[in-house]
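The data block below is run_24.pdb; it holds PDB, C-alpha atoms and all ligand atoms.
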```
MODEL        1
ATOM      1  CA  MET R   1     -84.567  44.416 -10.308  1.00  0.00           C
ATOM      2  CA  LYS R   2     -81.288  44.017  -8.478  1.00  0.00           C
ATOM      3  CA  LEU R   3     -77.965  43.891 -10.305  1.00  0.00           C
ATOM      4  CA  ASN R   4     -74.443  42.939  -9.307  1.00  0.00           C
ATOM      5  CA  LEU R   5     -72.389  45.449 -11.250  1.00  0.00           C
ATOM      6  CA  LYS R   6     -68.688  44.922 -11.842  1.00  0.00           C
ATOM      7  CA  ILE R   7     -67.392  48.194 -13.217  1.00  0.00           C
ATOM      8  CA  TRP R   8     -63.905  49.147 -14.388  1.00  0.00           C
ATOM      9  CA  ARG R   9     -62.578  52.103 -12.369  1.00  0.00           C
ATOM     10  CA  GLN R  10     -59.378  53.866 -13.384  1.00  0.00           C
ATOM     11  CA  LYS R  11     -58.295  57.248 -12.088  1.00  0.00           C
ATOM     12  CA  ASN R  12     -56.444  58.338 -15.211  1.00  0.00           C
ATOM     13  CA  ASN R  13     -54.308  57.162 -18.084  1.00  0.00           C
ATOM     14  CA  LYS R  14     -51.251  56.738 -15.866  1.00  0.00           C
ATOM     15  CA  SER R  15     -52.824  54.722 -13.054  1.00  0.00           C
ATOM     16  CA  LYS R  16     -53.782  51.063 -13.007  1.00  0.00           C
ATOM     17  CA  GLY R  17     -57.456  50.274 -13.124  1.00  0.00           C
ATOM     18  CA  MET R  18     -59.468  47.468 -11.575  1.00  0.00           C
ATOM     19  CA  ILE R  19     -62.997  46.095 -11.375  1.00  0.00           C
ATOM     20  CA  HIS R  20     -65.132  47.453  -8.511  1.00  0.00           C
ATOM     21  CA  ASP R  21     -68.275  45.725  -7.239  1.00  0.00           C
ATOM     22  CA  TYR R  22     -71.587  47.556  -6.803  1.00  0.00           C
ATOM     23  CA  VAL R  23     -74.935  46.071  -5.822  1.00  0.00           C
ATOM     24  CA  LEU R  24     -77.712  48.195  -7.320  1.00  0.00           C
ATOM     25  CA  ASP R  25     -81.311  47.618  -6.256  1.00  0.00           C
ATOM     26  CA  GLY R  26     -84.397  49.258  -7.759  1.00  0.00           C
ATOM     27  CA  VAL R  27     -83.321  49.162 -11.398  1.00  0.00           C
ATOM     28  CA  GLU R  28     -86.391  49.410 -13.646  1.00  0.00           C
ATOM     29  CA  GLU R  29     -86.628  47.420 -16.865  1.00  0.00           C
ATOM     30  CA  ASP R  30     -87.619  50.534 -18.832  1.00  0.00           C
ATOM     31  CA  MET R  31     -84.421  52.344 -17.897  1.00  0.00           C
ATOM     32  CA  SER R  32     -81.793  52.611 -20.603  1.00  0.00           C
ATOM     33  CA  PHE R  33     -78.353  51.284 -19.708  1.00  0.00           C
ATOM     34  CA  LEU R  34     -77.040  54.838 -19.322  1.00  0.00           C
ATOM     35  CA  GLU R  35     -80.007  55.765 -17.102  1.00  0.00           C
ATOM     36  CA  MET R  36     -79.085  52.786 -14.936  1.00  0.00           C
ATOM     37  CA  LEU R  37     -75.552  54.242 -14.658  1.00  0.00           C
ATOM     38  CA  ASP R  38     -77.065  57.670 -13.849  1.00  0.00           C
ATOM     39  CA  TYR R  39     -79.068  55.968 -11.097  1.00  0.00           C
ATOM     40  CA  LEU R  40     -75.913  54.314  -9.755  1.00  0.00           C
ATOM     41  CA  ASN R  41     -74.048  57.639  -9.848  1.00  0.00           C
ATOM     42  CA  ASN R  42     -76.830  59.394  -7.900  1.00  0.00           C
ATOM     43  CA  LYS R  43     -76.535  56.698  -5.269  1.00  0.00           C
ATOM     44  CA  LEU R  44     -72.724  57.061  -5.153  1.00  0.00           C
ATOM     45  CA  LEU R  45     -72.981  60.851  -4.861  1.00  0.00           C
ATOM     46  CA  ASN R  46     -75.505  60.537  -2.022  1.00  0.00           C
ATOM     47  CA  GLU R  47     -73.020  58.261  -0.251  1.00  0.00           C
ATOM     48  CA  GLY R  48     -70.234  60.821  -0.760  1.00  0.00           C
ATOM     49  CA  LYS R  49     -68.415  58.591  -3.262  1.00  0.00           C
ATOM     50  CA  GLU R  50     -67.000  59.445  -6.669  1.00  0.00           C
ATOM     51  CA  PRO R  51     -69.393  58.728  -9.564  1.00  0.00           C
ATOM     52  CA  VAL R  52     -68.414  56.472 -12.457  1.00  0.00           C
ATOM     53  CA  ALA R  53     -67.175  58.486 -15.472  1.00  0.00           C
ATOM     54  CA  PHE R  54     -68.746  57.377 -18.760  1.00  0.00           C
ATOM     55  CA  ASP R  55     -69.118  58.988 -22.165  1.00  0.00           C
ATOM     56  CA  HIS R  56     -72.427  59.980 -23.795  1.00  0.00           C
ATOM     57  CA  ASP R  57     -73.954  62.798 -25.794  1.00  0.00           C
ATOM     58  CA  CYS R  58     -77.051  62.226 -27.928  1.00  0.00           C
ATOM     59  CA  ARG R  59     -78.477  59.137 -26.160  1.00  0.00           C
ATOM     60  CA  GLU R  60     -80.260  58.468 -29.467  1.00  0.00           C
ATOM     61  CA  GLY R  61     -77.804  56.131 -31.232  1.00  0.00           C
ATOM     62  CA  ILE R  62     -76.390  58.912 -33.400  1.00  0.00           C
ATOM     63  CA  CYS R  63     -73.186  60.363 -31.954  1.00  0.00           C
ATOM     64  CA  GLY R  64     -71.250  57.171 -31.169  1.00  0.00           C
ATOM     65  CA  SER R  65     -70.018  58.404 -27.773  1.00  0.00           C
ATOM     66  CA  CYS R  66     -71.405  55.653 -25.558  1.00  0.00           C
ATOM     67  CA  SER R  67     -68.519  53.251 -25.977  1.00  0.00           C
ATOM     68  CA  LEU R  68     -68.999  50.542 -23.351  1.00  0.00           C
ATOM     69  CA  PHE R  69     -68.051  46.884 -23.286  1.00  0.00           C
ATOM     70  CA  ILE R  70     -70.916  45.084 -21.523  1.00  0.00           C
ATOM     71  CA  ASN R  71     -70.448  41.455 -20.517  1.00  0.00           C
ATOM     72  CA  GLY R  72     -67.628  41.187 -23.051  1.00  0.00           C
ATOM     73  CA  VAL R  73     -69.615  42.605 -25.964  1.00  0.00           C
ATOM     74  CA  ALA R  74     -69.280  46.075 -27.481  1.00  0.00           C
ATOM     75  CA  HIS R  75     -72.556  47.954 -26.733  1.00  0.00           C
ATOM     76  CA  GLY R  76     -73.968  44.911 -24.934  1.00  0.00           C
ATOM     77  CA  PRO R  77     -76.220  41.981 -25.769  1.00  0.00           C
ATOM     78  CA  GLU R  78     -78.740  43.505 -28.203  1.00  0.00           C
ATOM     79  CA  LYS R  79     -77.669  43.320 -31.846  1.00  0.00           C
ATOM     80  CA  GLY R  80     -77.681  46.527 -33.870  1.00  0.00           C
ATOM     81  CA  THR R  81     -78.021  48.704 -30.762  1.00  0.00           C
ATOM     82  CA  THR R  82     -75.807  51.318 -29.142  1.00  0.00           C
ATOM     83  CA  THR R  83     -75.331  51.319 -25.360  1.00  0.00           C
ATOM     84  CA  CYS R  84     -77.603  54.351 -24.997  1.00  0.00           C
ATOM     85  CA  GLN R  85     -80.442  52.526 -26.783  1.00  0.00           C
ATOM     86  CA  LEU R  86     -80.002  49.324 -24.780  1.00  0.00           C
ATOM     87  CA  HIS R  87     -82.682  48.780 -22.125  1.00  0.00           C
ATOM     88  CA  MET R  88     -82.474  47.013 -18.802  1.00  0.00           C
ATOM     89  CA  ARG R  89     -85.237  44.600 -19.826  1.00  0.00           C
ATOM     90  CA  LYS R  90     -82.440  42.753 -21.644  1.00  0.00           C
ATOM     91  CA  PHE R  91     -81.014  41.776 -18.233  1.00  0.00           C
ATOM     92  CA  LYS R  92     -82.369  39.495 -15.514  1.00  0.00           C
ATOM     93  CA  ASP R  93     -82.985  40.193 -11.846  1.00  0.00           C
ATOM     94  CA  GLY R  94     -79.885  39.196  -9.874  1.00  0.00           C
ATOM     95  CA  GLU R  95     -77.666  39.162 -12.965  1.00  0.00           C
ATOM     96  CA  THR R  96     -73.969  40.013 -12.759  1.00  0.00           C
ATOM     97  CA  VAL R  97     -73.051  42.638 -15.357  1.00  0.00           C
ATOM     98  CA  TYR R  98     -69.464  43.511 -16.284  1.00  0.00           C
ATOM     99  CA  VAL R  99     -68.960  47.047 -17.629  1.00  0.00           C
ATOM    100  CA  GLU R 100     -65.584  47.945 -19.128  1.00  0.00           C
ATOM    101  CA  PRO R 101     -64.201  50.583 -21.506  1.00  0.00           C
ATOM    102  CA  PHE R 102     -63.421  49.813 -25.152  1.00  0.00           C
ATOM    103  CA  ARG R 103     -59.912  48.377 -25.132  1.00  0.00           C
ATOM    104  CA  ALA R 104     -57.324  49.201 -27.806  1.00  0.00           C
ATOM    105  CA  LYS R 105     -53.855  50.744 -27.836  1.00  0.00           C
ATOM    106  CA  ALA R 106     -55.179  53.546 -30.031  1.00  0.00           C
ATOM    107  CA  PHE R 107     -58.062  54.190 -27.568  1.00  0.00           C
ATOM    108  CA  PRO R 108     -56.252  55.026 -24.289  1.00  0.00           C
ATOM    109  CA  VAL R 109     -58.421  55.196 -21.179  1.00  0.00           C
ATOM    110  CA  ILE R 110     -58.982  58.772 -19.965  1.00  0.00           C
ATOM    111  CA  LYS R 111     -60.929  57.847 -16.831  1.00  0.00           C
ATOM    112  CA  ASP R 112     -63.052  54.872 -15.733  1.00  0.00           C
ATOM    113  CA  LEU R 113     -65.138  53.981 -18.799  1.00  0.00           C
ATOM    114  CA  ILE R 114     -64.103  56.914 -21.011  1.00  0.00           C
ATOM    115  CA  VAL R 115     -61.543  56.338 -23.753  1.00  0.00           C
ATOM    116  CA  ASP R 116     -59.821  58.817 -26.059  1.00  0.00           C
ATOM    117  CA  ARG R 117     -61.038  58.131 -29.617  1.00  0.00           C
ATOM    118  CA  SER R 118     -59.431  61.197 -31.219  1.00  0.00           C
ATOM    119  CA  SER R 119     -57.434  58.761 -33.377  1.00  0.00           C
ATOM    120  CA  PHE R 120     -60.672  58.344 -35.370  1.00  0.00           C
ATOM    121  CA  ASP R 121     -60.889  62.129 -35.799  1.00  0.00           C
ATOM    122  CA  ARG R 122     -57.351  62.220 -37.196  1.00  0.00           C
ATOM    123  CA  ILE R 123     -58.165  59.445 -39.692  1.00  0.00           C
ATOM    124  CA  GLN R 124     -61.184  61.445 -40.865  1.00  0.00           C
ATOM    125  CA  GLN R 125     -59.142  64.643 -41.095  1.00  0.00           C
ATOM    126  CA  ALA R 126     -56.639  62.809 -43.329  1.00  0.00           C
ATOM    127  CA  GLY R 127     -59.156  62.469 -46.153  1.00  0.00           C
ATOM    128  CA  ALA R 128     -62.849  62.195 -45.293  1.00  0.00           C
ATOM    129  CA  TYR R 129     -63.875  65.379 -47.080  1.00  0.00           C
ATOM    130  CA  ILE R 130     -64.573  66.591 -50.619  1.00  0.00           C
ATOM    131  CA  SER R 131     -63.368  69.638 -52.534  1.00  0.00           C
ATOM    132  CA  VAL R 132     -66.104  71.782 -54.043  1.00  0.00           C
ATOM    133  CA  ASN R 133     -65.706  75.144 -55.721  1.00  0.00           C
ATOM    134  CA  THR R 134     -68.347  77.226 -53.977  1.00  0.00           C
ATOM    135  CA  SER R 135     -67.736  80.458 -55.873  1.00  0.00           C
ATOM    136  CA  GLY R 136     -69.949  81.090 -58.889  1.00  0.00           C
ATOM    137  CA  ASN R 137     -72.256  78.508 -60.442  1.00  0.00           C
ATOM    138  CA  THR R 138     -71.976  75.488 -58.173  1.00  0.00           C
ATOM    139  CA  GLN R 139     -73.948  72.560 -59.527  1.00  0.00           C
ATOM    140  CA  ASP R 140     -76.897  71.508 -57.378  1.00  0.00           C
ATOM    141  CA  ALA R 141     -76.068  68.104 -55.855  1.00  0.00           C
ATOM    142  CA  ASN R 142     -79.582  66.880 -56.646  1.00  0.00           C
ATOM    143  CA  SER R 143     -78.967  67.418 -60.367  1.00  0.00           C
ATOM    144  CA  ILE R 144     -75.998  64.983 -60.455  1.00  0.00           C
ATOM    145  CA  PRO R 145     -77.238  61.532 -61.533  1.00  0.00           C
ATOM    146  CA  ILE R 146     -76.022  58.708 -59.281  1.00  0.00           C
ATOM    147  CA  PRO R 147     -76.816  55.018 -59.884  1.00  0.00           C
ATOM    148  CA  LYS R 148     -79.283  53.758 -57.259  1.00  0.00           C
ATOM    149  CA  GLN R 149     -76.994  50.965 -56.090  1.00  0.00           C
ATOM    150  CA  ASN R 150     -74.090  53.381 -55.562  1.00  0.00           C
ATOM    151  CA  ALA R 151     -76.325  55.841 -53.714  1.00  0.00           C
ATOM    152  CA  ASP R 152     -77.624  53.076 -51.437  1.00  0.00           C
ATOM    153  CA  GLU R 153     -74.160  51.668 -50.704  1.00  0.00           C
ATOM    154  CA  ALA R 154     -72.733  55.159 -50.046  1.00  0.00           C
ATOM    155  CA  PHE R 155     -75.634  55.885 -47.700  1.00  0.00           C
ATOM    156  CA  ASN R 156     -75.172  52.605 -45.832  1.00  0.00           C
ATOM    157  CA  ALA R 157     -71.448  53.360 -45.378  1.00  0.00           C
ATOM    158  CA  ALA R 158     -72.303  56.867 -44.186  1.00  0.00           C
ATOM    159  CA  THR R 159     -74.421  55.464 -41.346  1.00  0.00           C
ATOM    160  CA  CYS R 160     -71.172  54.607 -39.481  1.00  0.00           C
ATOM    161  CA  ILE R 161     -71.278  56.679 -36.281  1.00  0.00           C
ATOM    162  CA  GLY R 162     -67.575  56.206 -35.461  1.00  0.00           C
ATOM    163  CA  CYS R 163     -68.275  54.607 -32.082  1.00  0.00           C
ATOM    164  CA  GLY R 164     -65.255  52.287 -32.212  1.00  0.00           C
ATOM    165  CA  ALA R 165     -67.148  49.036 -31.538  1.00  0.00           C
ATOM    166  CA  CYS R 166     -65.395  47.538 -34.578  1.00  0.00           C
ATOM    167  CA  VAL R 167     -61.994  48.225 -33.010  1.00  0.00           C
ATOM    168  CA  ALA R 168     -63.050  47.030 -29.557  1.00  0.00           C
ATOM    169  CA  SER R 169     -64.457  43.745 -30.859  1.00  0.00           C
ATOM    170  CA  CYS R 170     -61.517  42.958 -33.166  1.00  0.00           C
ATOM    171  CA  LYS R 171     -58.769  40.769 -31.702  1.00  0.00           C
ATOM    172  CA  ASN R 172     -56.250  42.890 -33.655  1.00  0.00           C
ATOM    173  CA  SER R 173     -57.848  46.227 -32.685  1.00  0.00           C
ATOM    174  CA  SER R 174     -58.183  46.945 -36.374  1.00  0.00           C
ATOM    175  CA  ALA R 175     -59.921  50.101 -37.572  1.00  0.00           C
ATOM    176  CA  MET R 176     -60.444  48.766 -41.101  1.00  0.00           C
ATOM    177  CA  LEU R 177     -64.252  48.742 -40.881  1.00  0.00           C
ATOM    178  CA  PHE R 178     -64.447  52.356 -39.705  1.00  0.00           C
ATOM    179  CA  THR R 179     -61.865  53.641 -42.214  1.00  0.00           C
ATOM    180  CA  SER R 180     -63.339  51.659 -45.088  1.00  0.00           C
ATOM    181  CA  ALA R 181     -66.830  52.999 -44.363  1.00  0.00           C
ATOM    182  CA  LYS R 182     -65.512  56.562 -44.624  1.00  0.00           C
ATOM    183  CA  VAL R 183     -63.519  55.764 -47.787  1.00  0.00           C
ATOM    184  CA  SER R 184     -66.513  54.002 -49.409  1.00  0.00           C
ATOM    185  CA  GLN R 185     -68.945  56.790 -48.596  1.00  0.00           C
ATOM    186  CA  PHE R 186     -66.948  59.165 -50.826  1.00  0.00           C
ATOM    187  CA  SER R 187     -65.459  56.835 -53.453  1.00  0.00           C
ATOM    188  CA  LEU R 188     -68.933  55.702 -54.538  1.00  0.00           C
ATOM    189  CA  LEU R 189     -70.179  59.226 -55.286  1.00  0.00           C
ATOM    190  CA  PRO R 190     -69.238  61.625 -58.112  1.00  0.00           C
ATOM    191  CA  GLN R 191     -68.530  64.338 -55.522  1.00  0.00           C
ATOM    192  CA  GLY R 192     -65.785  62.204 -54.003  1.00  0.00           C
ATOM    193  CA  GLN R 193     -63.766  61.614 -57.150  1.00  0.00           C
ATOM    194  CA  VAL R 194     -61.407  64.625 -56.921  1.00  0.00           C
ATOM    195  CA  GLU R 195     -59.433  63.197 -53.965  1.00  0.00           C
ATOM    196  CA  ARG R 196     -60.291  59.554 -54.621  1.00  0.00           C
ATOM    197  CA  GLU R 197     -56.695  58.275 -54.714  1.00  0.00           C
ATOM    198  CA  SER R 198     -55.109  60.624 -52.168  1.00  0.00           C
ATOM    199  CA  ARG R 199     -58.005  60.009 -49.759  1.00  0.00           C
ATOM    200  CA  VAL R 200     -57.541  56.263 -49.414  1.00  0.00           C
ATOM    201  CA  LEU R 201     -53.749  56.526 -49.265  1.00  0.00           C
ATOM    202  CA  ASN R 202     -53.795  59.241 -46.596  1.00  0.00           C
ATOM    203  CA  MET R 203     -56.509  57.657 -44.464  1.00  0.00           C
ATOM    204  CA  VAL R 204     -54.899  54.208 -44.474  1.00  0.00           C
ATOM    205  CA  ASN R 205     -51.530  55.796 -43.685  1.00  0.00           C
ATOM    206  CA  GLN R 206     -53.047  57.694 -40.727  1.00  0.00           C
ATOM    207  CA  MET R 207     -54.811  54.530 -39.533  1.00  0.00           C
ATOM    208  CA  ASP R 208     -51.445  52.745 -39.419  1.00  0.00           C
ATOM    209  CA  LEU R 209     -49.735  55.703 -37.688  1.00  0.00           C
ATOM    210  CA  GLU R 210     -52.374  55.610 -34.930  1.00  0.00           C
ATOM    211  CA  GLY R 211     -51.386  52.046 -34.033  1.00  0.00           C
ATOM    212  CA  PHE R 212     -54.480  50.122 -35.122  1.00  0.00           C
ATOM    213  CA  GLY R 213     -53.890  46.488 -36.060  1.00  0.00           C
ATOM    214  CA  ALA R 214     -54.358  44.730 -39.373  1.00  0.00           C
ATOM    215  CA  CYS R 215     -57.514  42.942 -40.559  1.00  0.00           C
ATOM    216  CA  THR R 216     -57.517  39.140 -40.505  1.00  0.00           C
ATOM    217  CA  ASN R 217     -61.109  38.749 -41.720  1.00  0.00           C
ATOM    218  CA  THR R 218     -62.738  37.368 -38.571  1.00  0.00           C
ATOM    219  CA  GLY R 219     -65.848  39.480 -39.195  1.00  0.00           C
ATOM    220  CA  ALA R 220     -66.213  40.403 -35.498  1.00  0.00           C
ATOM    221  CA  CYS R 221     -66.384  44.083 -36.473  1.00  0.00           C
ATOM    222  CA  GLU R 222     -69.462  43.626 -38.681  1.00  0.00           C
ATOM    223  CA  ALA R 223     -71.120  41.323 -36.129  1.00  0.00           C
ATOM    224  CA  GLN R 224     -70.855  43.902 -33.321  1.00  0.00           C
ATOM    225  CA  CYS R 225     -71.310  47.100 -35.333  1.00  0.00           C
ATOM    226  CA  PRO R 226     -74.478  48.801 -34.024  1.00  0.00           C
ATOM    227  CA  LYS R 227     -75.164  50.154 -37.505  1.00  0.00           C
ATOM    228  CA  GLY R 228     -74.525  46.916 -39.413  1.00  0.00           C
ATOM    229  CA  ILE R 229     -71.673  48.301 -41.533  1.00  0.00           C
ATOM    230  CA  SER R 230     -70.657  45.531 -43.947  1.00  0.00           C
ATOM    231  CA  VAL R 231     -67.135  44.091 -44.302  1.00  0.00           C
ATOM    232  CA  LYS R 232     -67.692  44.532 -48.058  1.00  0.00           C
ATOM    233  CA  ASN R 233     -66.466  48.058 -47.396  1.00  0.00           C
ATOM    234  CA  ILE R 234     -63.094  46.639 -46.331  1.00  0.00           C
ATOM    235  CA  ALA R 235     -62.815  44.757 -49.627  1.00  0.00           C
ATOM    236  CA  ARG R 236     -63.702  47.975 -51.465  1.00  0.00           C
ATOM    237  CA  MET R 237     -61.078  49.950 -49.528  1.00  0.00           C
ATOM    238  CA  ASN R 238     -58.427  47.337 -50.329  1.00  0.00           C
ATOM    239  CA  ARG R 239     -59.265  47.635 -54.049  1.00  0.00           C
ATOM    240  CA  GLU R 240     -59.206  51.438 -53.820  1.00  0.00           C
ATOM    241  CA  TYR R 241     -55.844  51.295 -52.032  1.00  0.00           C
ATOM    242  CA  ILE R 242     -54.240  49.000 -54.634  1.00  0.00           C
ATOM    243  CA  MET R 243     -55.575  51.070 -57.560  1.00  0.00           C
ATOM    244  CA  ALA R 244     -54.384  54.317 -55.952  1.00  0.00           C
ATOM    245  CA  ASN R 245     -50.912  52.868 -55.452  1.00  0.00           C
ATOM    246  CA  VAL R 246     -50.775  51.618 -59.043  1.00  0.00           C
ATOM    247  CA  LYS R 247     -51.771  55.077 -60.342  1.00  0.00           C
ATOM    248  CA  LYS R 248     -49.224  56.731 -58.056  1.00  0.00           C
TER     249      LYS R 248
HETATM  250  S1  LIG R 301     -74.863  58.550 -26.661  1.00  0.00           S
HETATM  251 FE1  LIG R 301     -74.846  59.038 -28.796  1.00  0.00          FE
HETATM  252  S2  LIG R 301     -74.830  57.083 -29.761  1.00  0.00           S
HETATM  253 FE2  LIG R 301     -75.051  56.611 -27.648  1.00  0.00          FE
ENDMDL
END
```
Please lay out the structure from this file as structure tokens.
Ligand code: FES
Amino acid sequence: MKLNLKIWRQKNNKSKGMIHDYVLDGVEEDMSFLEMLDYLNNKLLNEGKEPVAFDHDCREGICGSCSLFINGVAHGPEKGTTTCQLHMRKFKDGETVYVEPFRAKAFPVIKDLIVDRSSFDRIQQAGAYISVNTSGNTQDANSIPIPKQNADEAFNAATCIGCGACVASCKNSSAMLFTSAKVSQFSLLPQGQVERESRVLNMVNQMDLEGFGACTNTGACEAQCPKGISVKNIARMNREYIMANVKK
């Protein structure tokens, strides 16, 4: 198939970017979206032009690196799918496809389609860990009883891959879905109780310091999350935050 690609090119964080047009023929429907970009880059290199910079690592929907806005939708048109797992059969011959980086103040563009998402790392470092005494007789995690519902909800929250689609799709660039998934994952389990209050306070504080916006409950984050993380986690984080402040 033949595609009219409109791709955001930006030299670095200081320069202004703009959309560049590329006509790409010979795209196969079994290619993944990233393979289509590889194919484009091979063509550009053969023509002596600079390839398009884009982020990727696992290409299996696990690492969350492939942060692309495709036709105005984070990760493109297929629900519950990361960009690396999206296939070209979802597009039509002759279609015009816009490819842009995730846009948020807290995700500055590094180059072309690559954004700096280290703000997410700093939120995690502020509290997404547990304290365990590993000297002596540490209790086997499998011997700690956990209610099935809590285990399931903690697991679902833990499936967040930190891709940033929630931020990119939110009109406020809010990171509430991401942060709440990390808070929930620990607050629901016995292992996460030691830092339960300090965790939510520190992570929310870091989220605000990074410049993410507030949540106004539009639900866009849940709708475009490739892992289907529920906004119920945001409600849980708000409860955790209020309780931690009351205890403080
Ligand atoms: S490259 Fe790892 S999730 Fe897409």
Task: Selection as a PyMOL selection string: residues within 10 Å of (-67.2, 55.7, -28.6), counting all atoms listed in the file - done: chain R and resi 55-56+63-68+74-75+82-83+101-102+107+114-118+120+161-165+168
Open item on the list: Excluding Thr96 in chain R and its own-chain neighbours fewer than 5 positions away, which residues fall within 7 Å of it when counting all atoms listed in the file? Please give them as a ChimeraX atom specification.
Closed with: /R:3-5
- [ ] Write out as a VMD selection string which residues come within 10 Å of Asp25 in chain R when counting all atoms listed in the file, dropping same-chain ones fewer than 6 positions away.
- [x] chain R and resid 1 to 4 39 to 40 93 to 94
Box time for ligand LIG 301 (chain R): axis-aligned, enclosing all its listed atoms, 4 Å extra on each side; report centre and edge lengths in Å to one decimal, as lines of an AutoDock Vina configuration file.
```
center_x = -74.9
center_y = 57.8
center_z = -28.2
size_x = 8.2
size_y = 10.4
size_z = 11.1
```
Task: Using all atoms listed in the file: which of R:Ile234, R:Ala104, R:Ile146, R:Cys221 has the shortest distance to Ser173 in chain R - done: R:Ala104
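Of the residues under consideration (R:Leu201, R:Ala214, R:Ile70, R:Ala158), R:Ala158 shows the shortest atom-to-atom contact distance to Asn233 in chain R when counting all atoms listed in the file.
If you apply the PyMOL selection byres (((chain R and resi 209) around 12) and not hetatm) to this structure, you end up with Lys105, Ala106, Ser119, Phe120, Arg122, Ile123, Ala126, Ala175, Asn202, Met203, Val204, Asn205, Gln206, Met207, Asp208, Glu210, Gly211, Phe212 and Gly213 of chain R.
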